[in-house]
file run.csv (CSV, C-alpha atoms)
chain,number,residue,atom,x,y,z
W,1,MET,CA,-55.7,47.8,-233.9
W,2,PHE,CA,-55.4,51.6,-234.1
W,3,ARG,CA,-53.4,53.8,-231.7
W,4,SER,CA,-53.7,57.5,-231.2
W,5,LYS,CA,-51.2,60.0,-229.8
W,6,LYS,CA,-51.0,60.3,-226.0
W,7,SER,CA,-53.0,63.1,-224.4
W,8,SER,CA,-53.3,64.5,-220.9
W,9,LYS,CA,-56.6,64.4,-219.2
W,10,ILE,CA,-58.0,64.6,-215.6
W,11,LEU,CA,-60.0,61.4,-214.9
W,12,THR,CA,-63.1,61.5,-212.7
W,13,ALA,CA,-65.2,58.6,-211.6
W,14,SER,CA,-68.1,59.7,-213.7
W,15,GLU,CA,-65.9,60.0,-216.8
W,16,LEU,CA,-64.5,56.5,-216.2
W,17,LEU,CA,-68.0,55.0,-215.7
W,18,ARG,CA,-69.7,56.9,-218.6
W,19,ASN,CA,-70.3,54.8,-221.7
W,20,SER,CA,-68.3,51.9,-220.3
W,21,THR,CA,-69.1,48.2,-220.8
W,22,ASN,CA,-66.2,47.0,-218.8
W,23,ILE,CA,-63.4,48.5,-216.7
W,24,TYR,CA,-60.3,46.6,-215.6
W,25,ARG,CA,-56.8,47.2,-214.5
W,26,THR,CA,-53.4,46.0,-215.8
W,27,GLU,CA,-49.9,46.5,-214.4
W,28,GLN,CA,-49.6,49.9,-216.0
W,29,TYR,CA,-53.1,51.0,-217.0
W,30,ILE,CA,-56.7,51.3,-216.0
W,31,VAL,CA,-58.7,50.3,-219.1
W,32,LYS,CA,-62.2,51.4,-220.1
W,33,GLN,CA,-63.9,49.2,-222.7
W,34,GLN,CA,-66.9,50.2,-224.7
W,35,ILE,CA,-68.1,47.2,-226.6
W,36,SER,CA,-70.4,47.4,-229.6
W,37,VAL,CA,-71.7,44.9,-232.2
W,38,SER,CA,-71.4,45.8,-235.9
W,39,ASN,CA,-72.6,44.2,-239.1
W,40,VAL,CA,-69.9,43.5,-241.7
W,41,ILE,CA,-70.2,43.2,-245.5
W,42,ASP,CA,-70.7,39.5,-245.7
W,43,GLY,CA,-73.7,39.7,-243.3
W,44,ASN,CA,-72.0,38.5,-240.2
W,45,THR,CA,-71.6,40.5,-237.0
W,46,VAL,CA,-68.5,41.3,-235.1
W,47,MET,CA,-67.9,42.6,-231.6
W,48,ILE,CA,-65.7,45.7,-231.4
W,49,SER,CA,-64.0,47.2,-228.3
W,50,ASP,CA,-63.2,50.8,-228.2
W,51,ASP,CA,-60.6,51.0,-225.4
W,52,ILE,CA,-59.1,53.9,-223.5
W,53,PHE,CA,-56.0,53.2,-221.6
W,54,TYR,CA,-55.4,55.5,-218.6
W,55,VAL,CA,-51.9,55.5,-217.1
W,56,ARG,CA,-52.1,54.3,-213.5
W,57,THR,CA,-51.4,56.9,-210.9
W,58,PRO,CA,-51.9,56.7,-207.1
W,59,ILE,CA,-54.9,59.0,-207.3
W,60,ARG,CA,-56.5,56.9,-210.2
W,61,ASP,CA,-55.7,53.7,-208.3
W,62,ARG,CA,-57.5,55.0,-205.2
W,63,MET,CA,-60.5,56.0,-207.3
W,64,PHE,CA,-60.6,52.6,-209.0
W,65,GLU,CA,-60.4,50.7,-205.7
W,66,LYS,CA,-63.1,52.9,-204.1
W,67,LEU,CA,-65.4,52.2,-207.1
W,68,PHE,CA,-64.9,48.4,-207.2
W,69,GLU,CA,-63.6,47.1,-203.9
W,70,SER,CA,-67.0,46.2,-202.5
W,71,THR,CA,-68.5,44.7,-205.7
W,72,ARG,CA,-65.7,42.5,-207.2
W,73,ARG,CA,-64.2,39.3,-206.2
W,74,ASN,CA,-61.2,40.0,-208.5
W,75,LEU,CA,-60.5,43.7,-207.9
W,76,ASN,CA,-58.5,44.2,-211.1
W,77,GLY,CA,-61.2,42.7,-213.3
W,78,LYS,CA,-60.7,41.1,-216.6
W,79,ARG,CA,-60.8,42.1,-220.3
W,80,ILE,CA,-63.8,41.1,-222.4
W,81,LYS,CA,-62.5,39.5,-225.5
W,82,THR,CA,-63.6,40.9,-228.9
W,83,ALA,CA,-62.7,40.4,-232.5
W,84,LEU,CA,-61.5,44.0,-233.1
W,85,GLN,CA,-60.3,46.8,-230.9
W,86,THR,CA,-59.3,50.4,-231.1
W,87,ARG,CA,-57.0,52.0,-228.5
W,88,GLN,CA,-56.5,55.4,-227.1
W,89,TYR,CA,-53.8,56.2,-224.5
W,90,VAL,CA,-54.2,58.9,-221.9
W,91,GLU,CA,-51.4,60.0,-219.6

call {"tool": "encode", "arguments": {"input": "run.csv", "output": "structure tokens"}}
result
Amino acid sequence: MFRSKKSSKILTASELLRNSTNIYRTEQYIVKQQISVSNVIDGNTVMISDDIFYVRTPIRDRMFEKLFESTRRNLNGKRIKTALQTRQYVE
């Protein structure tokens, strides 16, 4: 697991949805997962998740709820488990 420095960024709905496989919400973050499959040296494949953790704010929460309230039974969603992950944190 790799972590990068925090950065500030305005989050729009199109940015959140772009190149995402899964989006879910934790107590402190809205998380965007981009999942890919990679071949490793021994010939096996592994699922990798490149995650971006956006700090939850009232504005981001309203956007998240507007995007998913009519399509999800569990509004917060769930993480898709993978063998490896990278993380980037955005304030």

call {"tool": "closest_residue", "arguments": {"input": "run.csv", "among": "W:Phe64, W:Tyr29, W:Phe53, W:Tyr89", "to": "Leu17 of chain W", "atoms": "all atoms listed in the file"}}
result
W:Phe64

call {"tool": "residues_around", "arguments": {"input": "run.csv", "residues": "Thr26 of chain W", "least_positions_apart": "6", "cutoff": "9 Å", "atoms": "all atoms listed in the file", "output": "PyMOL selection string"}}
result
chain W and resi 56+76-78

call {"tool": "atom_distance", "arguments": {"input": "run.csv", "atom1": "atom CA of Ser49 of chain W", "atom2": "atom CA of Tyr24 of chain W"}}
result
13.2 Å

call {"tool": "atom_distance", "arguments": {"input": "run.csv", "atom1": "atom CA of Gln33 of chain W", "atom2": "atom CA of Thr57 of chain W"}}
result
18.8 Å

call {"tool": "residues_around", "arguments": {"input": "run.csv", "residues": "Thr82 of chain W", "least_positions_apart": "2", "cutoff": "8 Å", "atoms": "all atoms listed in the file", "output": "NGL selection string"}}
result
:W and (46-49 or 80 or 84-85)

call {"tool": "atom_distance", "arguments": {"input": "run.csv", "atom1": "atom CA of Ile35 of chain W", "atom2": "atom CA of Leu16 of chain W"}}
result
14.4 Å

call {"tool": "closest_residue", "arguments": {"input": "run.csv", "among": "W:Leu11, W:Ile52, W:Ile23, W:Ala83", "to": "Phe68 of chain W", "atoms": "all atoms listed in the file"}}
result
W:Ile23

call {"tool": "decode", "arguments": {"input": "run.csv", "residues": "segment 59-86 of chain W", "atoms": "C-alpha atoms", "output": "PDB file, in the first residue's frame"}}
result
ATOM      1  CA  ILE W  59     -20.942  19.807  -0.088  1.00  0.00           C
ATOM      2  CA  ARG W  60     -19.332  16.507  -1.119  1.00  0.00           C
ATOM      3  CA  ASP W  61     -21.862  14.547   0.946  1.00  0.00           C
ATOM      4  CA  ARG W  62     -24.786  16.293  -0.783  1.00  0.00           C
ATOM      5  CA  MET W  63     -23.257  15.551  -4.185  1.00  0.00           C
ATOM      6  CA  PHE W  64     -22.691  11.891  -3.247  1.00  0.00           C
ATOM      7  CA  GLU W  65     -26.263  11.530  -1.987  1.00  0.00           C
ATOM      8  CA  LYS W  66     -27.703  13.180  -5.093  1.00  0.00           C
ATOM      9  CA  LEU W  67     -25.715  10.804  -7.326  1.00  0.00           C
ATOM     10  CA  PHE W  68     -26.611   7.577  -5.511  1.00  0.00           C
ATOM     11  CA  GLU W  69     -29.787   8.013  -3.411  1.00  0.00           C
ATOM     12  CA  SER W  70     -32.144   6.701  -6.094  1.00  0.00           C
ATOM     13  CA  THR W  71     -29.971   3.792  -7.277  1.00  0.00           C
ATOM     14  CA  ARG W  72     -28.597   2.180  -4.116  1.00  0.00           C
ATOM     15  CA  ARG W  73     -30.176   0.116  -1.409  1.00  0.00           C
ATOM     16  CA  ASN W  74     -27.113   0.805   0.813  1.00  0.00           C
ATOM     17  CA  LEU W  75     -26.433   4.498   0.165  1.00  0.00           C
ATOM     18  CA  ASN W  76     -22.842   4.378   1.450  1.00  0.00           C
ATOM     19  CA  GLY W  77     -21.913   1.454  -0.789  1.00  0.00           C
ATOM     20  CA  LYS W  78     -19.190  -1.125  -0.120  1.00  0.00           C
ATOM     21  CA  ARG W  79     -15.550  -1.587  -0.983  1.00  0.00           C
ATOM     22  CA  ILE W  80     -14.644  -4.115  -3.682  1.00  0.00           C
ATOM     23  CA  LYS W  81     -11.874  -6.259  -2.218  1.00  0.00           C
ATOM     24  CA  THR W  82      -8.634  -6.587  -4.188  1.00  0.00           C
ATOM     25  CA  ALA W  83      -5.213  -8.119  -3.568  1.00  0.00           C
ATOM     26  CA  LEU W  84      -3.316  -4.825  -3.854  1.00  0.00           C
ATOM     27  CA  GLN W  85      -4.200  -1.170  -3.487  1.00  0.00           C
ATOM     28  CA  THR W  86      -2.685   2.257  -3.859  1.00  0.00           C
TER      29      THR W  86
END
